[in-house]
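Colleague: My structure file my_file03.txt, compact mmCIF, C-alpha atoms and all ligand atoms, is below:
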```
# COMPACT_ATOMS: atom_id res chain seq x y z
CA MET A 1 73.04 -196.21 121.54
CA LEU A 2 71.32 -199.36 120.46
CA CYS A 3 69.28 -201.84 122.33
CA LEU A 4 70.21 -205.37 121.38
CA PRO A 5 69.15 -207.24 119.39
CA GLN A 6 69.77 -204.71 116.61
CA GLN A 7 67.03 -202.23 117.25
CA THR A 8 67.53 -198.52 117.30
CA LYS A 9 66.01 -196.28 119.89
CA ALA A 10 62.45 -195.15 119.56
CA THR A 11 61.31 -192.64 116.99
CA LEU A 12 57.92 -191.08 116.65
CA THR A 13 56.69 -193.90 114.45
CA ASP A 14 58.75 -196.85 115.63
CA LYS A 15 58.51 -196.11 119.33
CA LEU A 16 55.96 -198.79 120.00
CA SER A 17 56.30 -201.02 116.97
CA ALA A 18 59.95 -201.81 116.17
CA MET A 19 61.40 -201.35 119.65
CA LYS A 20 61.54 -204.00 122.25
CA VAL A 21 59.44 -201.93 124.63
CA ALA A 22 59.32 -203.70 127.95
CA THR A 23 55.94 -204.22 129.47
CA THR A 24 57.36 -206.00 132.49
CA LEU A 25 61.01 -205.70 133.42
CA SER A 26 62.71 -208.56 135.18
CA PRO A 27 63.44 -207.46 138.77
CA PRO A 28 67.07 -206.56 139.46
CA PRO A 29 69.14 -208.72 141.83
CA ASN A 30 68.92 -207.93 145.56
CA ASN A 31 72.33 -206.26 145.85
CA ALA A 32 71.38 -203.92 142.99
CA ILE A 33 68.08 -203.08 144.69
CA ILE A 34 69.96 -202.25 147.92
CA HIS A 35 72.28 -199.97 145.91
CA SER A 36 69.29 -198.22 144.30
CA GLN A 37 67.68 -197.76 147.72
CA LYS A 38 70.75 -195.86 148.95
CA LEU A 39 70.38 -193.42 146.05
CA CYS A 40 66.60 -193.20 146.66
CA GLN A 41 67.43 -192.08 150.21
CA HIS A 42 69.61 -189.24 148.84
CA ILE A 43 66.88 -188.23 146.39
CA ALA A 44 64.25 -188.31 149.15
CA GLU A 45 66.47 -186.00 151.24
CA ALA A 46 66.72 -183.57 148.32
CA ILE A 47 62.92 -183.64 147.92
CA ALA A 48 62.17 -183.14 151.63
CA PRO A 49 62.76 -179.35 152.05
CA SER A 50 60.26 -178.19 149.41
CA GLY A 51 58.24 -181.34 148.76
CA SER A 52 59.50 -181.83 145.19
CA ILE A 53 62.50 -181.37 142.88
CA PRO A 54 62.49 -180.57 139.14
CA PHE A 55 62.81 -183.67 136.97
CA ARG A 56 66.18 -182.29 135.75
CA GLN A 57 67.60 -182.58 139.29
CA PHE A 58 66.16 -186.09 139.71
CA MET A 59 67.79 -187.19 136.43
CA GLU A 60 71.11 -185.59 137.42
CA MET A 61 71.08 -187.56 140.70
CA ALA A 62 69.86 -190.80 139.10
CA LEU A 63 72.73 -190.70 136.57
CA TYR A 64 75.56 -188.81 138.28
CA GLU A 65 75.13 -188.69 142.09
CA PRO A 66 78.70 -189.31 143.36
CA ALA A 67 79.37 -193.02 144.04
CA LEU A 68 75.70 -193.92 143.49
CA GLY A 69 74.37 -192.66 140.12
CA TYR A 70 73.97 -194.88 137.06
CA TYR A 71 77.04 -193.59 135.22
CA VAL A 72 79.31 -193.35 138.27
CA ALA A 73 78.58 -196.59 140.11
CA GLY A 74 80.06 -199.96 139.28
CA GLN A 75 77.69 -201.95 137.08
CA ARG A 76 78.42 -202.64 133.39
CA LYS A 77 76.58 -200.14 131.16
CA LEU A 78 77.85 -200.51 127.60
CA GLY A 79 77.97 -203.62 125.41
CA SER A 80 76.06 -206.87 125.35
CA ALA A 81 76.62 -207.47 129.07
CA GLY A 82 75.30 -204.01 129.91
CA ASP A 83 72.19 -202.02 129.07
CA PHE A 84 72.87 -200.59 125.60
CA ILE A 85 75.40 -200.58 122.79
CA THR A 86 76.89 -197.59 120.97
CA ALA A 87 78.37 -197.19 117.47
CA PRO A 88 82.06 -197.49 118.48
CA GLU A 89 81.17 -200.71 120.35
CA ILE A 90 79.48 -202.10 117.22
CA SER A 91 82.44 -201.70 114.89
CA PRO A 92 85.94 -200.17 114.68
CA LEU A 93 84.81 -198.88 111.24
CA PHE A 94 82.85 -196.12 112.99
CA SER A 95 85.92 -194.77 114.82
CA GLN A 96 88.07 -195.22 111.71
CA CYS A 97 85.68 -192.98 109.73
CA LEU A 98 85.87 -190.37 112.51
CA ALA A 99 89.66 -190.66 112.42
CA GLU A 100 89.62 -190.03 108.65
CA GLN A 101 87.69 -186.79 109.28
CA CYS A 102 90.12 -185.82 112.08
CA ALA A 103 93.12 -186.51 109.82
CA GLU A 104 91.85 -183.91 107.37
CA VAL A 105 91.94 -181.24 110.05
CA LEU A 106 94.99 -182.23 112.11
CA ASP A 107 98.06 -180.27 111.02
CA SER A 108 100.94 -178.36 112.54
CA THR A 109 98.56 -175.91 114.24
CA VAL A 110 95.56 -178.15 115.01
CA LYS A 111 97.41 -180.75 117.01
CA ASP A 112 95.32 -182.30 119.77
CA ILE A 113 92.11 -184.27 120.28
CA LEU A 114 89.76 -183.97 123.26
CA GLU A 115 87.04 -186.59 123.70
CA PHE A 116 84.08 -186.03 126.01
CA GLY A 117 82.39 -189.02 127.64
CA ALA A 118 84.68 -191.73 126.26
CA GLY A 119 82.54 -194.68 127.48
CA SER A 120 84.59 -197.88 127.48
CA GLY A 121 87.56 -196.19 125.71
CA ILE A 122 87.06 -198.21 122.55
CA MET A 123 86.56 -195.17 120.30
CA ALA A 124 89.74 -193.49 121.60
CA SER A 125 91.69 -196.71 120.99
CA HIS A 126 90.50 -197.19 117.40
CA ILE A 127 90.87 -193.50 116.51
CA LEU A 128 94.46 -193.48 117.75
CA LEU A 129 95.30 -196.75 115.97
CA HIS A 130 93.85 -195.48 112.71
CA LEU A 131 95.56 -192.09 112.93
CA GLU A 132 98.80 -193.94 113.60
CA SER A 133 98.30 -195.96 110.41
CA LEU A 134 97.83 -192.65 108.54
CA ASN A 135 100.95 -191.27 110.21
CA GLN A 136 98.86 -188.47 111.71
CA LEU A 137 98.83 -189.08 115.42
CA PRO A 138 97.70 -186.09 117.51
CA LYS A 139 100.19 -184.61 119.96
CA HIS A 140 97.82 -185.29 122.87
CA TYR A 141 94.55 -187.18 123.19
CA TYR A 142 92.63 -185.79 126.16
CA ILE A 143 89.58 -187.42 127.75
CA ILE A 144 87.02 -185.81 130.07
CA ASP A 145 84.40 -188.07 131.64
CA LEU A 146 82.17 -187.65 134.67
CA SER A 147 82.42 -191.32 135.57
CA PRO A 148 85.41 -192.58 137.61
CA ASP A 149 84.17 -196.06 136.93
CA LEU A 150 84.23 -195.58 133.13
CA ILE A 151 87.62 -193.82 133.32
CA ALA A 152 89.05 -196.98 134.92
CA LEU A 153 87.53 -199.04 132.07
CA GLN A 154 88.94 -196.60 129.46
CA LYS A 155 92.44 -197.11 130.89
CA GLN A 156 92.03 -200.89 130.70
CA THR A 157 90.71 -200.80 127.13
CA LEU A 158 93.50 -198.54 125.89
CA ALA A 159 96.12 -200.67 127.63
CA SER A 160 94.78 -203.75 125.93
CA LEU A 161 94.00 -202.42 122.40
CA ALA A 162 96.67 -199.73 121.94
CA PRO A 163 99.29 -200.21 124.71
CA HIS A 164 102.01 -198.34 122.79
CA LEU A 165 99.73 -195.27 122.46
CA VAL A 166 98.58 -194.98 126.08
CA ASN A 167 101.23 -192.30 126.68
CA LYS A 168 99.34 -190.04 124.25
CA VAL A 169 96.27 -190.06 126.49
CA THR A 170 95.65 -187.70 129.41
CA TRP A 171 92.50 -187.72 131.55
CA LEU A 172 91.37 -184.27 132.67
CA ASN A 173 88.92 -183.35 135.42
CA ASP A 174 87.64 -180.31 133.59
CA LEU A 175 88.47 -177.81 130.86
CA SER A 176 90.43 -175.37 133.04
CA THR A 177 93.86 -176.59 131.86
CA LEU A 178 92.96 -176.35 128.17
CA LYS A 179 93.03 -172.64 127.43
CA ASN A 180 93.65 -171.79 123.76
CA PHE A 181 92.98 -175.34 122.60
CA ASN A 182 94.05 -175.95 119.00
CA GLY A 183 92.46 -179.22 118.09
CA ILE A 184 89.41 -181.42 117.63
CA ILE A 185 86.70 -181.99 120.24
CA LEU A 186 84.68 -185.20 119.93
CA GLY A 187 81.49 -186.30 121.66
CA ASN A 188 79.63 -189.46 120.72
CA GLU A 189 76.34 -189.90 122.59
CA VAL A 190 77.30 -187.44 125.31
CA LEU A 191 74.52 -184.91 124.78
CA ASP A 192 71.81 -187.55 125.17
CA ALA A 193 73.20 -188.45 128.59
CA MET A 194 72.75 -184.93 129.98
CA PRO A 195 69.85 -184.18 132.35
CA ILE A 196 66.80 -182.59 130.74
CA GLU A 197 63.85 -180.48 131.88
CA LEU A 198 60.54 -182.25 131.28
CA PHE A 199 57.48 -180.14 130.60
CA THR A 200 53.81 -180.50 129.76
CA LEU A 201 51.59 -178.02 127.97
CA ASP A 202 48.18 -177.64 129.51
CA LYS A 203 45.50 -175.06 128.70
CA ASN A 204 47.96 -172.50 127.41
CA ASN A 205 50.26 -172.99 130.43
CA VAL A 206 53.74 -174.45 130.54
CA MET A 207 53.98 -176.93 133.41
CA GLN A 208 57.36 -178.09 134.74
CA THR A 209 57.57 -181.76 135.71
CA HIS A 210 58.72 -182.34 139.29
CA VAL A 211 59.41 -185.50 141.27
CA THR A 212 57.75 -185.84 144.64
CA MET A 213 57.31 -188.61 147.23
CA ASN A 214 53.95 -190.23 147.74
CA ASP A 215 53.50 -193.17 150.09
CA HIS A 216 57.28 -193.89 150.01
CA GLN A 217 57.30 -193.89 146.22
CA PHE A 218 58.53 -191.31 143.72
CA LYS A 219 55.82 -189.72 141.63
CA LEU A 220 55.80 -187.22 138.76
CA ILE A 221 53.73 -184.07 139.27
CA GLN A 222 53.27 -180.86 137.26
CA LYS A 223 53.91 -177.37 138.62
CA THR A 224 53.48 -174.08 136.80
CA ALA A 225 56.82 -173.27 135.17
CA ASN A 226 58.56 -170.01 136.02
CA LYS A 227 58.81 -167.21 133.46
CA THR A 228 62.26 -168.23 132.18
CA MET A 229 61.29 -171.83 131.56
CA SER A 230 57.97 -170.81 129.96
CA GLN A 231 59.88 -168.56 127.57
CA GLN A 232 62.36 -171.35 126.77
CA VAL A 233 59.47 -173.66 125.90
CA ARG A 234 57.56 -171.05 123.88
CA HIS A 235 60.74 -170.33 121.92
CA ARG A 236 60.58 -173.96 120.77
CA ILE A 237 56.85 -174.48 120.39
CA GLU A 238 54.90 -171.59 118.98
CA ARG A 239 51.40 -172.96 119.23
CA ILE A 240 50.65 -174.42 122.63
CA LYS A 241 48.82 -177.74 122.47
CA ASP A 242 47.07 -179.40 125.35
CA ASP A 243 48.43 -182.65 126.75
CA TYR A 244 51.74 -182.25 124.99
CA THR A 245 54.81 -183.50 126.87
CA SER A 246 58.39 -182.96 125.81
CA GLU A 247 61.78 -181.92 127.12
CA PHE A 248 64.81 -179.73 126.51
CA ASN A 249 68.40 -179.73 127.69
CA PRO A 250 68.99 -176.60 129.81
CA ASN A 251 72.78 -177.17 129.88
CA ILE A 252 73.40 -176.96 126.15
CA ASP A 253 74.05 -173.21 125.94
CA SER A 254 76.59 -173.12 128.77
CA TRP A 255 78.29 -176.34 127.63
CA ILE A 256 78.73 -175.13 124.05
CA GLU A 257 79.88 -171.72 125.32
CA GLN A 258 82.57 -173.43 127.45
CA LEU A 259 83.80 -175.37 124.41
CA ALA A 260 83.82 -172.20 122.31
CA ASN A 261 85.76 -170.38 125.03
CA ILE A 262 88.60 -172.91 125.18
CA LEU A 263 88.71 -173.58 121.42
CA HIS A 264 91.17 -171.23 119.77
CA ARG A 265 91.25 -173.00 116.42
CA GLY A 266 89.71 -176.29 115.39
CA LEU A 267 86.70 -178.53 114.99
CA ILE A 268 83.96 -179.93 117.24
CA LEU A 269 82.20 -183.12 116.07
CA LEU A 270 79.04 -184.13 117.94
CA ILE A 271 77.28 -187.38 117.10
CA ASP A 272 73.97 -188.38 118.63
CA TYR A 273 70.41 -189.46 118.02
CA GLY A 274 68.12 -186.53 117.54
CA TYR A 275 66.26 -184.23 115.24
CA THR A 276 66.04 -180.72 113.91
CA ARG A 277 63.73 -178.62 116.09
CA ARG A 278 60.82 -178.84 113.64
CA GLU A 279 60.91 -182.64 113.83
CA TYR A 280 61.65 -182.75 117.56
CA TYR A 281 58.65 -180.68 118.58
CA HIS A 282 56.36 -182.05 115.89
CA PRO A 283 52.71 -181.66 116.96
CA ASP A 284 52.26 -185.44 116.76
CA ARG A 285 55.21 -186.21 119.04
CA THR A 286 52.99 -185.72 122.07
CA GLU A 287 55.06 -187.73 124.55
CA GLY A 288 58.56 -186.38 123.90
CA THR A 289 61.58 -188.62 123.44
CA LEU A 290 62.59 -189.62 126.97
CA ILE A 291 63.35 -193.34 127.26
CA CYS A 292 65.09 -195.69 129.68
CA HIS A 293 67.34 -198.69 129.07
CA TYR A 294 67.78 -201.69 131.30
CA ARG A 295 69.49 -204.87 130.09
CA HIS A 296 68.70 -204.08 126.44
CA GLN A 297 65.06 -203.43 127.12
CA VAL A 298 63.46 -200.05 126.53
CA HIS A 299 60.71 -198.58 128.62
CA HIS A 300 59.25 -195.22 129.60
CA ASP A 301 59.39 -195.08 133.39
CA PRO A 302 62.30 -192.86 134.54
CA LEU A 303 61.39 -193.49 138.20
CA TRP A 304 62.07 -197.26 137.97
CA TYR A 305 64.98 -198.22 140.31
CA PRO A 306 67.08 -195.02 140.12
CA SER A 307 70.75 -195.79 139.37
CA LEU A 308 70.04 -199.18 137.79
CA GLN A 309 68.92 -197.91 134.39
CA ASP A 310 69.98 -195.37 131.80
CA ILE A 311 67.67 -192.39 131.27
CA THR A 312 68.13 -190.53 128.01
CA ALA A 313 66.49 -188.09 125.60
CA ASN A 314 67.09 -187.20 121.95
CA VAL A 315 69.07 -184.12 120.97
CA ASP A 316 67.54 -180.96 119.47
CA PHE A 317 70.27 -180.18 116.90
CA THR A 318 68.74 -176.78 116.17
CA HIS A 319 69.46 -175.92 119.82
CA ILE A 320 73.12 -176.94 119.36
CA ALA A 321 73.35 -174.79 116.23
CA GLU A 322 71.78 -171.77 118.01
CA ALA A 323 74.14 -172.14 120.98
CA ALA A 324 77.14 -172.49 118.64
CA ASP A 325 76.14 -169.43 116.67
CA ASN A 326 75.70 -167.40 119.87
CA SER A 327 79.18 -168.48 121.03
CA GLY A 328 81.03 -167.49 117.86
CA LEU A 329 81.36 -170.98 116.36
CA THR A 330 80.53 -171.76 112.74
CA VAL A 331 77.99 -174.50 112.03
CA ALA A 332 80.07 -176.14 109.31
CA GLY A 333 78.10 -179.31 108.67
CA PHE A 334 75.07 -181.37 109.68
CA THR A 335 74.19 -184.72 108.21
CA ASN A 336 72.96 -188.15 109.17
CA GLN A 337 75.33 -190.86 110.36
CA ALA A 338 75.05 -192.93 107.17
CA SER A 339 76.08 -190.01 104.95
CA PHE A 340 78.87 -188.97 107.30
CA LEU A 341 80.34 -192.48 107.35
CA ILE A 342 80.03 -192.97 103.59
CA ASN A 343 81.53 -189.52 102.92
CA SER A 344 84.37 -190.38 105.31
CA GLY A 345 85.36 -193.54 103.41
CA LEU A 346 83.27 -196.32 104.98
CA GLU A 347 83.37 -198.38 101.78
CA LYS A 348 87.15 -198.14 101.42
CA LEU A 349 87.69 -198.97 105.11
CA PHE A 350 85.27 -201.90 104.88
CA SER A 351 87.13 -203.32 101.85
CA ALA A 352 90.52 -202.91 103.53
CA THR A 353 89.29 -204.72 106.66
CA LEU A 354 87.72 -207.45 104.56
CA GLU A 355 91.00 -207.99 102.72
CA ARG A 356 92.79 -208.48 106.06
CA ALA A 357 90.06 -210.71 107.51
CA PRO A 358 88.05 -212.40 104.71
CA ASP A 359 86.55 -214.89 107.19
CA GLN A 360 84.85 -211.95 108.94
CA SER A 361 82.80 -210.92 105.91
CA TYR A 362 79.40 -211.74 107.44
CA GLN A 363 80.12 -209.91 110.74
CA LEU A 364 81.60 -206.90 108.93
CA ALA A 365 78.60 -206.60 106.62
CA GLN A 366 76.28 -206.76 109.64
CA GLN A 367 78.27 -203.99 111.35
CA VAL A 368 78.02 -201.77 108.28
CA ARG A 369 74.28 -202.40 108.06
CA THR A 370 73.74 -201.48 111.72
CA LEU A 371 75.80 -198.31 111.44
CA SER A 372 74.34 -197.10 108.19
CA LEU A 373 70.89 -198.49 107.36
CA PRO A 374 68.17 -195.83 107.77
CA SER A 375 66.10 -198.26 109.86
CA GLU A 376 69.08 -198.87 112.20
CA MET A 377 71.46 -196.04 113.13
CA GLY A 378 71.97 -194.49 109.70
CA ASP A 379 69.17 -191.96 109.75
CA ARG A 380 68.37 -191.75 113.47
CA PHE A 381 71.83 -190.53 114.38
CA HIS A 382 73.22 -187.24 113.16
CA VAL A 383 76.65 -185.65 113.05
CA MET A 384 77.21 -181.94 113.54
CA ALA A 385 80.47 -180.08 112.82
CA LEU A 386 81.22 -176.77 114.54
CA THR A 387 84.39 -174.95 113.62
CA LYS A 388 86.52 -171.99 114.60
CA LYS A 389 89.18 -170.42 112.39
CA ILE A 390 89.67 -173.41 110.12
CA GLN A 391 89.19 -173.57 106.38
CA SER A 392 90.00 -177.28 105.81
CA PRO A 393 87.36 -179.13 103.79
CA LEU A 394 85.23 -181.49 105.86
CA SER A 395 84.72 -184.52 103.65
CA GLY A 396 82.29 -186.08 106.11
CA PHE A 397 79.76 -183.44 105.05
CA SER A 398 80.63 -183.28 101.35
CA SER A 399 77.26 -184.69 100.33
CA PHE A 400 73.83 -184.63 101.96
CA ASP A 401 74.67 -181.68 104.20
CA MET A 402 71.38 -180.72 105.88
CA LYS A 403 72.37 -177.46 107.60
CA HIS A 404 69.49 -175.73 105.82
CA LYS A 405 67.01 -177.88 107.73
CA LEU A 406 68.19 -176.75 111.16
C1 LIG A 501 75.96 -192.95 126.53
S1 LIG A 501 77.58 -192.89 127.12
C2 LIG A 501 78.49 -192.80 125.61
C3 LIG A 501 79.87 -193.33 125.76
C4 LIG A 501 80.76 -193.31 124.52
N1 LIG A 501 80.95 -191.99 123.99
C5 LIG A 501 80.28 -194.24 123.45
O1 LIG A 501 79.83 -193.78 122.42
O2 LIG A 501 80.33 -195.46 123.67
C6 LIG A 501 77.69 -191.25 127.77
C7 LIG A 501 79.04 -190.88 128.30
O3 LIG A 501 79.07 -189.46 128.49
C8 LIG A 501 79.61 -189.17 129.77
N2 LIG A 501 79.15 -187.80 130.10
C9 LIG A 501 77.90 -187.34 130.26
N3 LIG A 501 77.87 -186.00 130.48
C10 LIG A 501 79.16 -185.60 130.41
C11 LIG A 501 79.81 -184.33 130.55
N4 LIG A 501 79.12 -183.21 130.80
N5 LIG A 501 81.16 -184.29 130.45
C12 LIG A 501 81.87 -185.41 130.19
N6 LIG A 501 81.31 -186.63 130.07
C13 LIG A 501 79.98 -186.73 130.17
C14 LIG A 501 79.16 -190.34 130.62
O4 LIG A 501 79.90 -190.48 131.79
C15 LIG A 501 79.39 -191.49 129.63
O5 LIG A 501 80.74 -191.90 129.57
```
I need this file expressed as C-alpha cells, please.
Ligand SMILES: C[S@@+](CC[C@H](N)C(=O)[O-])C[C@H]1O[C@@H](n2cnc3c(N)ncnc32)[C@H](O)[C@@H]1O
Modeller:
Amino acid sequence: MLCLPQQTKATLTDKLSAMKVATTLSPPPNNAIIHSQKLCQHIAEAIAPSGSIPFRQFMEMALYEPALGYYVAGQRKLGSAGDFITAPEISPLFSQCLAEQCAEVLDSTVKDILEFGAGSGIMASHILLHLESLNQLPKHYYIIDLSPDLIALQKQTLASLAPHLVNKVTWLNDLSTLKNFNGIILGNEVLDAMPIELFTLDKNNVMQTHVTMNDHQFKLIQKTANKTMSQQVRHRIERIKDDYTSEFNPNIDSWIEQLANILHRGLILLIDYGYTRREYYHPDRTEGTLICHYRHQVHHDPLWYPSLQDITANVDFTHIAEAADNSGLTVAGFTNQASFLINSGLEKLFSATLERAPDQSYQLAQQVRTLSLPSEMGDRFHVMALTKKIQSPLSGFSSFDMKHKL
C-alpha cells in the first residue's frame, strides 16, 4: 500500500527521510473518537483478567474485532479518501499483468480463481475484464474477506465495473467448501494486514511485547517470552542483540498449510511489501517494520486511536517459503514487483491502453512509474509463486527470479 502523495512505505533507509512520517496527527472527528472508545472498552475488558494481552491480540482486536475493528467497521480505508492506496487502486495495468499470469495457468483442469482480501473489489473487476478479453474467463471467481464492510464495497465495485461478470463471483465465509481446489489463489497485501507478535531482545532474553492499561491509557510493556516464542525468534535471529525490536507473523504456517490442504492443483500468487529473512532481520533494522497509516500519514504508534488507523508490518518471504515447503508446495518463483510486471507484459499493456486513450498518456506514465520504479513500489514489493502439480511456465518470473536469496 502507498501513502499519498506517491511515497512508498518505510524501508530501513527511507523510513525517516522519504516518508511523510507524522509528528503530530490531526485529531479524528468526535464520532470517530466515540467509535474508537467503544473498541478501547472491549480491549480493556480483554486486558483486565491478567493485566495485559500480547501485542498480537491487541492488533487482532484493533483491526478485526467484530463491528468495531479497523477493517470491519464503516470508514473508508483504501484510496485517496481513505488511509492508504494499493497497486490495483493505482492502475488497472497491475491487475491486467496478474491476469496475464493467470491466463498462462488457467486451462481445462485449473479452472477457478480464489482471491483473499479483495479490498474494494477493483482487482477482481479488472482481472475478470482482462481474462474476458483474452477469452480465458475462469469458471468461478471466489472471494474470501474478513470484512463485511469491504465485501459490500466489492459487490458495488463489481456491479459498476463489470456488471455482466458479477455472476462469476461467489463470496465465501471460509475455505471449507473448497476441497480439491483446482485453480489460482491470489492475495495482494493480505499478509501485511495479519496480526503480528512484537518482540524485543534484551540481554540475551527474548521479551514478548504486551499491551497493558496505565492510568486509563494503553501502554506497551515487555514480558519474558515463553519457550516456543523464544525458539521462533532464535530461529530467525542467530545472534541476539540488545535493544533490538522486531516482529513475526505467527499465523503464516497455519494459513499456508490451509491453502496447501485445499489446493489440489494450481498456483498461489502472493504480492506484498517485504524482504527475505536476511534483510528483514538485518542487525541495523533495530526497530522492526511495524507502521501505522491514518489519512495518508505514516507514524509508529500502534496504540493511537484503535480502529481508526491501519496497523501493518512487512512480510518475511523466507517464512512464506519455509511454510510452503513444509506443506508440500513448490516455491516456483520470487521476484520484485517491477520485474514481475515487466515479465508479465506491462509494456505491451501500457501501449495498448495508450492507443485506446492517447489523452491519458501523462496519467498512464505516472501509474507505470509508481508501480515499477525501485524508489516507489517496484523494489519494495515482491511477488511469490507457490505451485502444486503444475508444469506451466510462469512468465512473471522468467527473469530476475530471486528464489536463491530466500
Ligand atoms: C491492505 S487490504 C488489501 C486489499 C486489496 N487486496 C488491495 O490490494 O487493494 C487487506 C485486505 O485483506 C483482508 N484480510 C486480512 N486478513 C485476511 C484473511 N486472513 N483472510 C481474508 N482476508 C483477509 C482485509 O479485510 C482487507 O480486505
Colleague: Select the residues contacting ligand LIG 501 (chain A) at a distance of at most 7 Å, based on only C-alpha atoms and all ligand atoms, then format the selection as a PDB file with C-alpha atoms, keeping the file's coordinate frame.
Modeller:
```
ATOM      1  CA  MET A   1      73.040-196.210 121.540  1.00  0.00           C
ATOM      2  CA  TYR A  71      77.040-193.590 135.220  1.00  0.00           C
ATOM      3  CA  LEU A  78      77.850-200.510 127.600  1.00  0.00           C
ATOM      4  CA  THR A  86      76.890-197.590 120.970  1.00  0.00           C
ATOM      5  CA  ALA A  87      78.370-197.190 117.470  1.00  0.00           C
ATOM      6  CA  PRO A  88      82.060-197.490 118.480  1.00  0.00           C
ATOM      7  CA  GLU A  89      81.170-200.710 120.350  1.00  0.00           C
ATOM      8  CA  PHE A 116      84.080-186.030 126.010  1.00  0.00           C
ATOM      9  CA  GLY A 117      82.390-189.020 127.640  1.00  0.00           C
ATOM     10  CA  ALA A 118      84.680-191.730 126.260  1.00  0.00           C
ATOM     11  CA  GLY A 119      82.540-194.680 127.480  1.00  0.00           C
ATOM     12  CA  SER A 120      84.590-197.880 127.480  1.00  0.00           C
ATOM     13  CA  ILE A 144      87.020-185.810 130.070  1.00  0.00           C
ATOM     14  CA  ASP A 145      84.400-188.070 131.640  1.00  0.00           C
ATOM     15  CA  LEU A 146      82.170-187.650 134.670  1.00  0.00           C
ATOM     16  CA  SER A 147      82.420-191.320 135.570  1.00  0.00           C
ATOM     17  CA  LEU A 150      84.230-195.580 133.130  1.00  0.00           C
ATOM     18  CA  GLY A 187      81.490-186.300 121.660  1.00  0.00           C
ATOM     19  CA  ASN A 188      79.630-189.460 120.720  1.00  0.00           C
ATOM     20  CA  GLU A 189      76.340-189.900 122.590  1.00  0.00           C
ATOM     21  CA  VAL A 190      77.300-187.440 125.310  1.00  0.00           C
ATOM     22  CA  LEU A 191      74.520-184.910 124.780  1.00  0.00           C
ATOM     23  CA  ASP A 192      71.810-187.550 125.170  1.00  0.00           C
ATOM     24  CA  ALA A 193      73.200-188.450 128.590  1.00  0.00           C
ATOM     25  CA  MET A 194      72.750-184.930 129.980  1.00  0.00           C
TER      26      MET A 194
END
```
Colleague: With a distance cut-off of 10 Å and only C-alpha atoms, select the neighbouring residues of range 355-366 of chain A, excluding the residue or stretch itself and same-chain residues fewer than 6 positions from it, and output the selection as a list in words.
Modeller: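 Counting only C-alpha atoms, the residues come to Gln6, Ile90, Ser91, Pro92, Leu93, Leu349 and Ser372 of chain A.
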Colleague: Here is a test: counting all atoms listed in the file, which residue of A:Leu131, A:Ile34, A:Ile237, A:Ala152 is nearest to Arg278 in chain A?
Modeller: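 Using all atoms listed in the file, Arg278 in chain A sits closest to A:Ile237.
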Colleague: Report, in Å with one decimal, the straight-line distance from CA of Gly82 in chain A to CA of Tyr70 in chain A.
Modeller: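 Separation of CA of Gly82 in chain A and CA of Tyr70 in chain A: 11.7 Å.
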Colleague: So how far away is CA of Gly266 in chain A from CA of Leu114 in chain A, in Å?
Modeller: 11.0 Å
Colleague: How far is it from CA of Asn251 in chain A to CA of Leu106 in chain A, in Å with one decimal?
Modeller: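 Distance reported for this atom pair: 28.9 Å.
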